[in-house]
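> Here you go, this is target-v4.cif (mmCIF, C-alpha atoms and all ligand atoms).
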```
data_my_file
#
loop_
_atom_site.label_atom_id
_atom_site.label_comp_id
_atom_site.auth_asym_id
_atom_site.auth_seq_id
_atom_site.Cartn_x
_atom_site.Cartn_y
_atom_site.Cartn_z
CA MET A 24 9.89 -20.19 0.84
CA ALA A 25 13.28 -18.62 0.32
CA LYS A 26 14.08 -15.55 -1.71
CA GLN A 27 16.00 -17.46 -4.39
CA PHE A 28 12.74 -17.98 -6.28
CA LYS A 29 11.67 -15.43 -8.85
CA PRO A 30 8.53 -13.30 -8.31
CA GLU A 31 6.33 -15.48 -10.54
CA THR A 32 7.11 -18.54 -8.44
CA LEU A 33 6.66 -16.62 -5.20
CA CYS A 34 3.23 -15.39 -6.37
CA VAL A 35 2.07 -18.96 -6.85
CA GLN A 36 3.86 -20.86 -4.10
CA ALA A 37 5.34 -18.69 -1.33
CA GLY A 38 3.89 -18.67 2.17
CA TRP A 39 2.32 -22.13 2.19
CA THR A 40 4.50 -25.23 1.85
CA PRO A 41 2.34 -28.21 2.75
CA LYS A 42 3.89 -31.29 4.29
CA LYS A 43 2.90 -34.91 3.70
CA GLY A 44 -0.87 -35.32 3.56
CA GLU A 45 -1.63 -31.63 4.08
CA PRO A 46 -3.91 -29.66 1.72
CA ARG A 47 -2.21 -28.46 -1.48
CA VAL A 48 -4.27 -25.24 -1.31
CA LEU A 49 -3.79 -22.87 1.63
CA PRO A 50 -6.64 -23.71 4.04
CA ILE A 51 -8.88 -21.13 5.68
CA TYR A 52 -8.27 -21.48 9.42
CA GLN A 53 -11.78 -20.30 10.27
CA SER A 54 -11.24 -20.45 14.00
CA THR A 55 -11.05 -17.73 16.61
CA THR A 56 -9.05 -19.93 18.99
CA PHE A 57 -6.32 -22.57 19.09
CA LYS A 58 -6.01 -25.48 21.50
CA TYR A 59 -3.18 -26.27 23.97
CA GLU A 60 -2.48 -29.25 26.20
CA THR A 61 -1.48 -27.41 29.36
CA SER A 62 -2.09 -24.07 30.95
CA GLU A 63 1.69 -23.57 31.11
CA GLN A 64 1.98 -23.90 27.28
CA MET A 65 -0.59 -21.16 26.78
CA ALA A 66 1.03 -18.94 29.42
CA ARG A 67 4.33 -19.01 27.53
CA LEU A 68 2.57 -17.64 24.43
CA PHE A 69 1.11 -14.77 26.44
CA ASP A 70 4.60 -13.89 27.67
CA LEU A 71 5.98 -13.99 24.08
CA GLU A 72 8.42 -16.67 25.25
CA GLU A 73 7.19 -18.98 22.52
CA SER A 74 5.47 -18.22 19.25
CA GLY A 75 2.15 -19.85 18.47
CA TYR A 76 -1.48 -19.11 17.74
CA PHE A 77 -3.99 -18.55 20.48
CA TYR A 78 -6.53 -15.98 19.30
CA THR A 79 -7.25 -14.70 15.78
CA ARG A 80 -7.45 -11.05 16.88
CA LEU A 81 -3.64 -11.21 17.05
CA GLN A 82 -2.61 -13.88 14.56
CA ASN A 83 -4.08 -16.56 12.33
CA PRO A 84 -2.23 -19.17 10.22
CA THR A 85 -4.05 -18.31 6.95
CA ASN A 86 -3.18 -14.64 7.37
CA ASP A 87 0.41 -15.41 8.26
CA ALA A 88 0.91 -17.56 5.16
CA VAL A 89 -0.38 -14.75 2.94
CA ALA A 90 1.66 -12.10 4.79
CA ALA A 91 4.75 -14.30 4.31
CA LYS A 92 4.04 -14.46 0.56
CA ILE A 93 3.80 -10.66 0.32
CA ALA A 94 6.95 -10.29 2.45
CA ALA A 95 8.79 -12.67 0.09
CA LEU A 96 7.59 -10.71 -2.94
CA GLU A 97 8.81 -7.44 -1.42
CA GLY A 98 12.07 -9.00 -0.21
CA GLY A 99 11.30 -8.29 3.45
CA VAL A 100 11.83 -10.31 6.62
CA ALA A 101 8.24 -10.31 7.92
CA GLY A 102 4.75 -9.09 7.13
CA MET A 103 1.41 -8.57 8.84
CA LEU A 104 -2.05 -8.43 7.26
CA THR A 105 -4.54 -5.80 8.38
CA SER A 106 -8.27 -5.35 7.81
CA SER A 107 -7.72 -2.51 5.30
CA GLY A 108 -5.06 -0.36 3.69
CA GLN A 109 -6.09 2.43 6.06
CA ALA A 110 -5.34 0.19 9.05
CA ALA A 111 -1.96 -0.74 7.53
CA ASN A 112 -0.97 2.91 7.16
CA PHE A 113 -2.20 3.75 10.65
CA TYR A 114 -0.33 0.84 12.25
CA ALA A 115 2.85 1.50 10.24
CA ILE A 116 3.09 4.99 11.77
CA PHE A 117 1.53 4.29 15.19
CA ASN A 118 3.99 1.43 15.78
CA ILE A 119 6.81 4.00 16.08
CA CYS A 120 5.02 7.28 16.89
CA GLN A 121 3.20 8.29 20.04
CA ALA A 122 1.59 11.50 21.32
CA GLY A 123 4.13 14.32 21.03
CA ASP A 124 5.85 12.77 17.99
CA HIS A 125 5.94 14.03 14.43
CA PHE A 126 6.53 12.60 10.95
CA VAL A 127 7.09 13.99 7.48
CA CYS A 128 4.97 12.87 4.54
CA SER A 129 4.76 13.46 0.81
CA SER A 130 1.73 15.60 -0.01
CA ALA A 131 1.07 13.37 -3.06
CA ILE A 132 -0.85 10.58 -1.32
CA TYR A 133 -4.30 8.99 -1.31
CA GLY A 134 -6.97 11.33 0.12
CA GLY A 135 -7.96 8.84 2.84
CA THR A 136 -4.36 8.63 4.04
CA PHE A 137 -4.08 12.44 3.90
CA ASN A 138 -7.09 12.71 6.20
CA LEU A 139 -5.92 9.92 8.52
CA PHE A 140 -2.50 11.54 8.94
CA GLY A 141 -3.52 15.20 8.92
CA VAL A 142 -6.76 15.09 10.93
CA THR A 143 -7.27 11.85 12.87
CA MET A 144 -3.67 11.26 13.99
CA LYS A 145 -3.49 14.89 15.08
CA LYS A 146 -6.29 14.10 17.55
CA LEU A 147 -3.98 11.41 19.00
CA GLY A 148 -1.23 14.01 19.45
CA ILE A 149 0.85 12.90 16.44
CA GLU A 150 1.66 15.69 14.00
CA VAL A 151 2.54 15.48 10.32
CA THR A 152 4.20 17.94 7.96
CA PHE A 153 3.32 17.45 4.30
CA VAL A 154 6.04 18.19 1.74
CA SER A 155 6.01 18.20 -2.04
CA PRO A 156 7.69 14.98 -3.21
CA ASP A 157 9.42 17.03 -5.90
CA ALA A 158 10.97 19.49 -3.42
CA SER A 159 14.76 19.49 -3.02
CA GLU A 160 16.51 17.43 -0.34
CA GLU A 161 17.22 20.64 1.58
CA GLU A 162 13.56 21.72 1.49
CA ILE A 163 12.31 18.32 2.65
CA SER A 164 15.02 18.12 5.34
CA ALA A 165 13.87 21.50 6.66
CA ALA A 166 10.54 19.88 7.65
CA PHE A 167 12.29 17.53 10.12
CA ARG A 168 12.23 18.25 13.87
CA PRO A 169 13.98 16.61 16.84
CA ASN A 170 10.78 14.58 17.47
CA THR A 171 10.37 13.40 13.84
CA LYS A 172 10.08 9.59 13.68
CA ALA A 173 9.42 8.67 10.04
CA LEU A 174 9.23 9.78 6.41
CA PHE A 175 6.29 8.51 4.32
CA GLY A 176 5.44 8.51 0.60
CA GLU A 177 3.52 6.63 -2.12
CA THR A 178 5.48 5.01 -4.97
CA ILE A 179 2.78 6.20 -7.40
CA SER A 180 0.27 8.52 -5.78
CA ASN A 181 -3.49 8.04 -5.99
CA PRO A 182 -5.02 9.88 -7.87
CA SER A 183 -2.35 12.43 -8.89
CA LEU A 184 -0.01 9.68 -10.26
CA GLU A 185 3.21 11.36 -9.12
CA VAL A 186 6.22 9.02 -8.96
CA LEU A 187 8.25 9.06 -5.75
CA ASP A 188 12.03 9.40 -5.99
CA ILE A 189 12.56 6.56 -3.50
CA GLU A 190 16.36 6.88 -3.32
CA LYS A 191 16.10 10.60 -2.58
CA PHE A 192 13.49 9.99 0.13
CA ALA A 193 15.59 7.16 1.65
CA ARG A 194 18.67 9.41 1.78
CA ILE A 195 16.72 12.14 3.55
CA ALA A 196 15.10 9.74 6.05
CA HIS A 197 18.37 8.02 6.92
CA SER A 198 20.28 11.28 7.29
CA HIS A 199 17.77 12.10 10.06
CA GLY A 200 17.95 8.64 11.66
CA VAL A 201 14.38 7.59 10.78
CA PRO A 202 12.89 4.90 8.50
CA LEU A 203 11.32 5.51 5.09
CA ILE A 204 7.83 4.01 4.84
CA VAL A 205 6.51 3.56 1.30
CA ASP A 206 2.94 2.78 0.23
CA ASN A 207 3.58 0.50 -2.75
CA THR A 208 -0.08 -0.21 -3.58
CA PHE A 209 -0.15 0.94 -7.22
CA PRO A 210 2.99 -0.71 -8.71
CA THR A 211 2.91 -3.79 -6.43
CA PRO A 212 6.19 -5.70 -5.93
CA ILE A 213 5.81 -7.05 -9.47
CA ASN A 214 6.74 -3.64 -10.86
CA CYS A 215 8.71 -2.05 -8.01
CA ARG A 216 10.41 -3.30 -4.85
CA PRO A 217 11.09 -0.20 -2.73
CA PHE A 218 13.47 -2.08 -0.38
CA GLU A 219 15.92 -2.38 -3.30
CA TRP A 220 16.03 1.43 -3.40
CA GLY A 221 16.48 2.05 0.33
CA ALA A 222 12.94 2.01 1.79
CA ASP A 223 12.68 0.35 5.22
CA ILE A 224 8.98 -0.49 5.53
CA VAL A 225 6.38 -1.06 2.81
CA VAL A 226 2.61 -0.84 3.17
CA HIS A 227 -0.18 -1.95 0.86
CA SER A 228 -3.85 -1.61 0.35
CA THR A 229 -4.25 -5.25 -0.73
CA THR A 230 -7.79 -4.25 -1.74
CA LYS A 231 -6.30 -3.08 -5.04
CA TYR A 232 -4.17 -5.10 -7.51
CA MET A 233 -3.11 -7.76 -4.98
CA ASP A 234 -6.68 -8.96 -4.49
CA GLY A 235 -7.34 -7.69 -8.00
CA HIS A 236 -10.93 -8.89 -8.25
CA ALA A 237 -12.63 -6.37 -5.95
CA THR A 238 -13.73 -9.02 -3.46
CA SER A 239 -11.97 -8.06 -0.20
CA VAL A 240 -10.80 -4.96 1.60
CA GLY A 241 -7.40 -5.53 3.21
CA GLY A 242 -3.93 -4.22 3.93
CA CYS A 243 -0.41 -5.39 4.65
CA ILE A 244 2.77 -4.08 6.30
CA VAL A 245 6.17 -5.53 5.39
CA ASP A 246 9.43 -4.82 7.21
CA SER A 247 12.76 -5.02 5.36
CA GLY A 248 14.49 -5.76 8.67
CA LYS A 249 17.22 -3.32 7.64
CA PHE A 250 16.54 -0.30 9.83
CA ASP A 251 18.81 -0.25 12.89
CA TRP A 252 16.36 0.84 15.62
CA ASP A 253 18.94 0.43 18.38
CA ALA A 254 21.31 2.87 16.62
CA HIS A 255 18.58 5.51 17.21
CA ALA A 256 17.21 4.07 20.45
CA ASP A 257 16.40 7.50 21.87
CA LYS A 258 13.89 8.05 19.04
CA PHE A 259 12.20 4.64 19.29
CA PRO A 260 11.60 3.83 22.95
CA GLY A 261 8.65 1.61 22.03
CA LEU A 262 11.01 -0.81 20.29
CA CYS A 263 14.23 -0.31 22.23
CA THR A 264 13.08 -0.08 25.88
CA PRO A 265 11.09 -2.56 27.98
CA ASP A 266 7.37 -3.00 27.22
CA GLU A 267 5.51 -3.02 30.55
CA SER A 268 2.57 -4.83 28.96
CA TYR A 269 4.89 -7.81 28.31
CA HIS A 270 6.70 -7.97 31.65
CA GLY A 271 9.51 -5.68 30.59
CA LEU A 272 10.43 -7.41 27.31
CA THR A 273 12.43 -5.25 24.83
CA TYR A 274 11.41 -5.96 21.22
CA THR A 275 14.77 -5.28 19.53
CA LYS A 276 16.63 -7.44 22.05
CA ALA A 277 14.14 -10.31 22.03
CA PHE A 278 13.28 -10.36 18.30
CA GLY A 279 16.13 -8.67 16.37
CA LYS A 280 15.07 -8.05 12.76
CA MET A 281 11.53 -9.18 13.57
CA ALA A 282 11.10 -6.48 16.25
CA TYR A 283 8.92 -4.05 14.29
CA ILE A 284 6.38 -6.63 13.03
CA THR A 285 6.37 -8.49 16.35
CA LYS A 286 5.54 -5.28 18.19
CA ALA A 287 2.82 -4.40 15.66
CA THR A 288 1.26 -7.85 16.15
CA ALA A 289 1.75 -8.33 19.87
CA GLN A 290 0.85 -4.80 20.90
CA LEU A 291 -1.23 -3.02 18.23
CA MET A 292 -3.25 -6.03 17.01
CA ARG A 293 -3.78 -7.11 20.61
CA ASP A 294 -5.09 -3.67 21.60
CA LEU A 295 -6.70 -2.35 18.42
CA GLY A 296 -7.60 -5.59 16.63
CA SER A 297 -7.78 -4.57 12.96
CA ILE A 298 -6.97 -8.08 11.75
CA GLN A 299 -7.86 -9.27 8.26
CA SER A 300 -10.45 -12.05 8.30
CA PRO A 301 -9.00 -15.45 7.28
CA GLN A 302 -11.71 -15.71 4.60
CA ASN A 303 -10.51 -12.44 3.05
CA SER A 304 -6.87 -13.44 3.20
CA PHE A 305 -7.74 -16.72 1.45
CA LEU A 306 -9.29 -14.68 -1.39
CA LEU A 307 -6.31 -12.32 -1.34
CA ASN A 308 -4.04 -15.33 -1.79
CA LEU A 309 -5.97 -16.42 -4.89
CA GLY A 310 -5.47 -12.92 -6.28
CA LEU A 311 -1.75 -13.01 -5.52
CA GLU A 312 -1.39 -16.27 -7.44
CA THR A 313 -2.01 -14.36 -10.70
CA LEU A 314 -0.57 -10.94 -9.79
CA HIS A 315 2.46 -11.51 -12.04
CA LEU A 316 0.15 -12.28 -14.99
CA ARG A 317 -2.29 -9.44 -14.40
CA MET A 318 0.13 -6.54 -13.80
CA PRO A 319 1.80 -6.66 -17.24
CA GLN A 320 -1.65 -6.81 -18.89
CA HIS A 321 -2.86 -3.79 -16.85
CA CYS A 322 0.25 -1.86 -17.89
CA LYS A 323 0.06 -2.87 -21.56
CA ASN A 324 -3.62 -1.87 -21.76
CA ALA A 325 -3.05 1.40 -19.84
CA GLN A 326 -0.21 2.32 -22.20
CA ALA A 327 -2.47 1.70 -25.23
CA VAL A 328 -5.33 3.74 -23.72
CA ALA A 329 -2.98 6.60 -22.71
CA GLU A 330 -1.48 6.72 -26.22
CA TYR A 331 -4.96 6.69 -27.79
CA LEU A 332 -6.17 9.50 -25.52
CA SER A 333 -3.08 11.62 -26.07
CA LYS A 334 -3.76 11.62 -29.82
CA ASN A 335 -7.50 12.43 -29.53
CA ASP A 336 -8.35 16.10 -30.06
CA LYS A 337 -11.34 15.97 -27.65
CA VAL A 338 -8.87 15.27 -24.84
CA ALA A 339 -7.25 18.28 -23.10
CA TRP A 340 -4.50 16.41 -21.25
CA VAL A 341 -3.37 12.90 -20.24
CA ASN A 342 -1.30 11.94 -17.18
CA TYR A 343 0.44 8.55 -17.34
CA CYS A 344 4.09 8.08 -16.42
CA GLY A 345 4.51 5.58 -19.28
CA LEU A 346 4.11 8.39 -21.85
CA PRO A 347 7.42 9.92 -22.99
CA GLY A 348 7.21 13.61 -22.13
CA ASN A 349 5.35 12.95 -18.87
CA LYS A 350 6.94 14.77 -15.92
CA TYR A 351 7.65 11.44 -14.22
CA TYR A 352 8.65 9.39 -17.28
CA GLU A 353 12.36 9.18 -16.35
CA LEU A 354 11.70 8.36 -12.69
CA ALA A 355 9.21 5.69 -13.75
CA GLN A 356 11.75 4.19 -16.16
CA LYS A 357 14.30 4.05 -13.35
CA TYR A 358 12.10 2.51 -10.65
CA MET A 359 9.58 0.62 -12.82
CA PRO A 360 11.24 -0.28 -16.13
CA ASN A 361 8.73 -3.07 -16.85
CA GLY A 362 5.64 -0.91 -16.34
CA SER A 363 4.09 1.15 -13.56
CA CYS A 364 0.37 0.44 -13.05
CA GLY A 365 -2.93 0.48 -14.92
CA VAL A 366 -4.25 3.78 -13.59
CA ILE A 367 -4.23 6.86 -15.80
CA SER A 368 -5.89 10.24 -15.49
CA PHE A 369 -7.05 12.71 -18.12
CA GLY A 370 -9.24 15.74 -18.73
CA LEU A 371 -11.61 16.52 -21.59
CA LYS A 372 -11.91 19.80 -23.43
CA GLY A 373 -15.04 21.44 -22.03
CA GLY A 374 -14.29 20.68 -18.38
CA ARG A 375 -16.39 19.25 -15.59
CA GLU A 376 -19.83 18.91 -17.32
CA ILE A 377 -18.35 17.19 -20.35
CA SER A 378 -16.41 14.81 -18.07
CA ILE A 379 -19.63 13.78 -16.31
CA LYS A 380 -21.45 13.27 -19.64
CA PHE A 381 -18.53 11.21 -20.95
CA MET A 382 -18.52 8.95 -17.88
CA ASP A 383 -22.28 8.42 -18.03
CA SER A 384 -21.88 7.27 -21.64
CA LEU A 385 -19.32 4.56 -20.92
CA LYS A 386 -20.68 1.03 -21.21
CA LEU A 387 -17.78 -1.35 -20.54
CA ALA A 388 -16.04 0.83 -17.93
CA ALA A 389 -18.09 1.13 -14.75
CA ILE A 390 -18.39 4.13 -12.43
CA VAL A 391 -17.23 2.79 -9.05
CA THR A 392 -15.39 4.04 -5.97
CA HIS A 393 -12.60 1.62 -6.62
CA VAL A 394 -9.37 1.39 -8.54
CA ALA A 395 -6.86 -1.26 -9.60
CA ASP A 396 -9.44 -3.92 -10.43
CA ALA A 397 -9.44 -6.56 -13.19
CA ARG A 398 -12.50 -4.73 -14.61
CA THR A 399 -11.99 -1.28 -16.11
CA CYS A 400 -13.46 1.36 -13.83
CA VAL A 401 -13.69 5.10 -13.74
CA LEU A 402 -14.19 7.89 -11.19
CA HIS A 403 -14.53 11.66 -11.32
CA PRO A 404 -12.98 12.77 -8.00
CA ALA A 405 -14.52 16.28 -8.22
CA SER A 406 -18.02 14.73 -8.36
CA HIS A 407 -17.36 11.78 -6.04
CA THR A 408 -14.52 11.36 -3.54
CA HIS A 409 -13.72 15.11 -3.39
CA ARG A 410 -17.20 16.53 -4.14
CA GLN A 411 -17.32 18.76 -1.05
CA LEU A 412 -14.38 20.81 -2.36
CA SER A 413 -14.62 23.96 -4.50
CA ASP A 414 -12.60 24.14 -7.73
CA GLU A 415 -9.94 26.17 -5.89
CA GLN A 416 -9.73 23.67 -3.04
CA LEU A 417 -9.51 20.83 -5.56
CA LEU A 418 -6.47 22.42 -7.19
CA GLU A 419 -4.85 22.88 -3.78
CA ALA A 420 -5.37 19.15 -3.15
CA GLY A 421 -3.70 18.39 -6.51
CA VAL A 422 -6.98 17.27 -8.13
CA ARG A 423 -8.00 19.15 -11.25
CA PRO A 424 -11.80 19.69 -11.47
CA ASP A 425 -11.88 17.97 -14.85
CA LEU A 426 -9.69 15.01 -13.74
CA ILE A 427 -11.09 11.62 -14.74
CA ARG A 428 -9.37 8.70 -13.02
CA PHE A 429 -9.43 5.74 -15.37
CA SER A 430 -8.36 2.38 -13.98
CA VAL A 431 -7.60 0.21 -16.97
CA GLY A 432 -8.53 -3.44 -16.48
CA ILE A 433 -7.28 -6.62 -18.10
CA GLU A 434 -9.94 -6.87 -20.81
CA ASN A 435 -8.93 -6.48 -24.47
CA ALA A 436 -7.41 -3.01 -25.01
CA ASP A 437 -9.28 -2.56 -28.31
CA ASP A 438 -12.61 -3.05 -26.54
CA ILE A 439 -11.69 -0.54 -23.81
CA ILE A 440 -10.62 2.02 -26.41
CA ALA A 441 -13.80 1.41 -28.46
CA ASP A 442 -15.86 2.10 -25.33
CA ILE A 443 -13.96 5.35 -24.72
CA GLU A 444 -14.42 6.34 -28.36
CA GLN A 445 -18.19 5.83 -28.39
CA ALA A 446 -18.48 7.78 -25.11
CA LEU A 447 -16.38 10.65 -26.52
CA ASN A 448 -18.64 10.75 -29.56
CA ALA A 449 -21.85 10.57 -27.52
N1 LIG A 501 -3.16 3.52 -0.03
C1 LIG A 501 -3.50 3.79 -1.30
C2 LIG A 501 -2.43 4.17 -2.28
C3 LIG A 501 -4.83 3.72 -1.72
O1 LIG A 501 -5.14 4.00 -3.00
C4 LIG A 501 -5.83 3.37 -0.76
C5 LIG A 501 -7.25 3.30 -1.15
O2 LIG A 501 -7.63 3.65 -2.24
C6 LIG A 501 -5.43 3.11 0.56
C7 LIG A 501 -4.09 3.18 0.89
C8 LIG A 501 -6.44 2.72 1.59
O3 LIG A 501 -6.74 1.39 1.40
P1 LIG A 501 -8.14 0.69 1.81
O4 LIG A 501 -9.19 1.27 0.94
O5 LIG A 501 -7.86 -0.76 1.57
O6 LIG A 501 -8.35 0.99 3.25
#
```
Represent the structure of the file as structure tokens.

Amino acid sequence: MAKQFKPETLCVQAGWTPKKGEPRVLPIYQSTTFKYETSEQMARLFDLEESGYFYTRLQNPTNDAVAAKIAALEGGVAGMLTSSGQAANFYAIFNICQAGDHFVCSSAIYGGTFNLFGVTMKKLGIEVTFVSPDASEEEISAAFRPNTKALFGETISNPSLEVLDIEKFARIAHSHGVPLIVDNTFPTPINCRPFEWGADIVVHSTTKYMDGHATSVGGCIVDSGKFDWDAHADKFPGLCTPDESYHGLTYTKAFGKMAYITKATAQLMRDLGSIQSPQNSFLLNLGLETLHLRMPQHCKNAQAVAEYLSKNDKVAWVNYCGLPGNKYYELAQKYMPNGSCGVISFGLKGGREISIKFMDSLKLAAIVTHVADARTCVLHPASHTHRQLSDEQLLEAGVRPDLIRFSVGIENADDIIADIEQALNA
């Protein structure tokens, strides 16, 4: 479905356009394999001479329909679903970096991504330098090396809720001849489309708002098709020189704007196999059909909760980029004028113990290791995801010991606020 449709229409209809007599609803192709008439037909698929399905570890029609919908929403040329957001981030980097390479990354990112990039990828010989997203262009540029292959950041970081200056990051990346990769999980393409601001590749944990109902872990990578790999061929041999595992085929020559996603599918999915299950992508598609309805409600409720908290004298501080006076208010207005996301963070006077007592007193909001769900949920990183860290280490990681991450759902805002109020009084 072409890009002339508006996001609401794409949410409902993109990716699956049934022909005469075909199911109106995207079917689950619950099949590992796909049938061919001759051995020669199948051989052509293995040589990438023809496109087609043969084994779900690489590609599946249900997944491809959903990836196409997300690509349309982001305004990209192609997308690929992965089994998790972690897999999407790993593949996005590993598709263009190999042992001996380096990339630069905003330090304001999800803890799991921080660990993947800083610890696990290091074991594969790929190094990262973390930079403050608020540093000057000169300071961030200073982190680049001759072997740097990408710049990475999160549109709104989890859980520190810092807003990325996408245009600044794109300028820096392009001045060094590398793509900007943006994790757009929190705003979703309903609130921000990073390609419109210069990003080249977008990644998602679809586990969050896209699924929206906490049913399925998943991820997605979308390519804008805009980055000119051949103009920097020396940096990207994996895309611009022959692939021995496909009889010397060169991705940029054979697939043009589809080179990056084709390589990720044909090479990384083939070898590493972190494909999303068709059942999960079916559920993800149901979530996407209402993404445009849910996101404004998340934002409206989060704004109401943030305003309530900021006026309550039991609350020490509130962090939400929709509040005038927030450090990122102007950037959020520029990149996300219709709303950012439903996640806010705050601290209570009295610190860590009071935070724990408050959370235990909540009735409507549930304590879960999850965020960006239709149901309001809450987490205390210092007690949960980051509990092994001392207070000093927490501050170094950008997580205040008293930080409560509150993911505002799509229930009635008055009910959410009433729950907070009774817990504050408890
Ligand atoms: N990116 C962001 C911004 C996240 O918040 C998360 C998880 O919370 C991930 C990536 C990882 O996604 P997943 O949990 O689907 O592997």
> Let me have all residues with an atom within 6 Å of ligand LIG 501 (chain A), counting only C-alpha atoms and all ligand atoms, laid out as a list in words.
Ser107, Gly108, Gln109, Tyr133, Asn181, Thr208, Ser228, Thr230, Val240, Gly241 and Gly242 of chain A
> Rounded to one decimal place, report the atom CA of Arg293 of chain A-atom CA of Arg216 of chain A distance in Å.
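Interatomic distance here is 29.4 Å.
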> Residues at most 9 Å from segment 74-76 of chain A, counting all atoms listed in the file, excluding those fewer than 4 positions away in the same chain, as a PDB file with C-alpha atoms, in the coordinates of the input?

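New file selection.pdb:
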```
ATOM      1  CA  THR A  56      -9.050 -19.930  18.990  1.00  0.00           C
ATOM      2  CA  PHE A  57      -6.320 -22.570  19.090  1.00  0.00           C
ATOM      3  CA  LYS A  58      -6.010 -25.480  21.500  1.00  0.00           C
ATOM      4  CA  MET A  65      -0.590 -21.160  26.780  1.00  0.00           C
ATOM      5  CA  ARG A  67       4.330 -19.010  27.530  1.00  0.00           C
ATOM      6  CA  LEU A  68       2.570 -17.640  24.430  1.00  0.00           C
ATOM      7  CA  LEU A  81      -3.640 -11.210  17.050  1.00  0.00           C
ATOM      8  CA  GLN A  82      -2.610 -13.880  14.560  1.00  0.00           C
ATOM      9  CA  ASN A  83      -4.080 -16.560  12.330  1.00  0.00           C
ATOM     10  CA  PRO A  84      -2.230 -19.170  10.220  1.00  0.00           C
TER      11      PRO A  84
END
```
> Would you kindly return, as a PyMOL selection string, each protein, DNA or RNA residue with an atom no farther than 12 Å from any atom of segment 267-269 of chain A, considering all atoms listed in the file and excluding same-chain residues fewer than 3 positions away?
chain A and resi 66-72+260-262+264+272-274+277+286+289-291+293-294
> One number please: atom CA of Tyr343 of chain A to atom CA of Pro182 of chain A, in Å, one decimal.
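Result for atom CA of Tyr343 of chain A versus atom CA of Pro182 of chain A: 11.0 Å, one decimal.
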> Name all residues at most 10 Å from Ala166 of chain A (count only C-alpha atoms; drop same-chain ones fewer than 6 positions away) and give them as a PyMOL selection string.
chain A and resi 126-128+151-154
> Give me, please, the distance in Å between atom CA of His270 of chain A and atom CA of Phe77 of chain A, quoted to one decimal.
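Taking atom CA of His270 of chain A as the start and atom CA of Phe77 of chain A as the end point, the length is 18.7 Å.
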> Can you list, as a list in words, every protein, DNA or RNA residue that comes within 9 Å of Ala339 of chain A when you count only C-alpha atoms, leaving out same-chain residues fewer than 2 positions away?
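My reading of the contact set: Ser333, Asn335, Asp336, Lys337, Val341, Phe369, Gly370, Leu371, Lys372, Gly373 and Gly374 of chain A.
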> Considering all atoms listed in the file, state which residue in the set A:Thr288, A:Glu31, A:Asn214, A:Ala196 is at the smallest distance from Ala101 of chain A.
A:Thr288
> Calculate, to one decimal in Å, the centre and edge lengths of the box along x, y and z of the file that holds all listed atoms of segment 112-124 of chain A with 6 Å of margin on each side, and present them as lines of an AutoDock Vina configuration file.

```
center_x = 2.3
center_y = 7.6
center_z = 14.2
size_x = 21.0
size_y = 25.5
size_z = 26.2
```
> Determine the nearest neighbour of Gln53 of chain A from the options A:Ala254, A:Ser300, A:Leu309, A:Val89, counting all atoms listed in the file.
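So, comparing all the options, the nearest one is A:Ser300.
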> So that I can check the surroundings of Tyr283 of chain A, please list as a VMD selection string every protein, DNA and RNA residue that reaches within 10 Å of it, counting all atoms listed in the file and ignoring chain neighbours fewer than 5 positions away.
chain A and resid 101 to 102 115 118 to 119 224 245 to 248 250 252 261 to 262 274 to 275 278 288
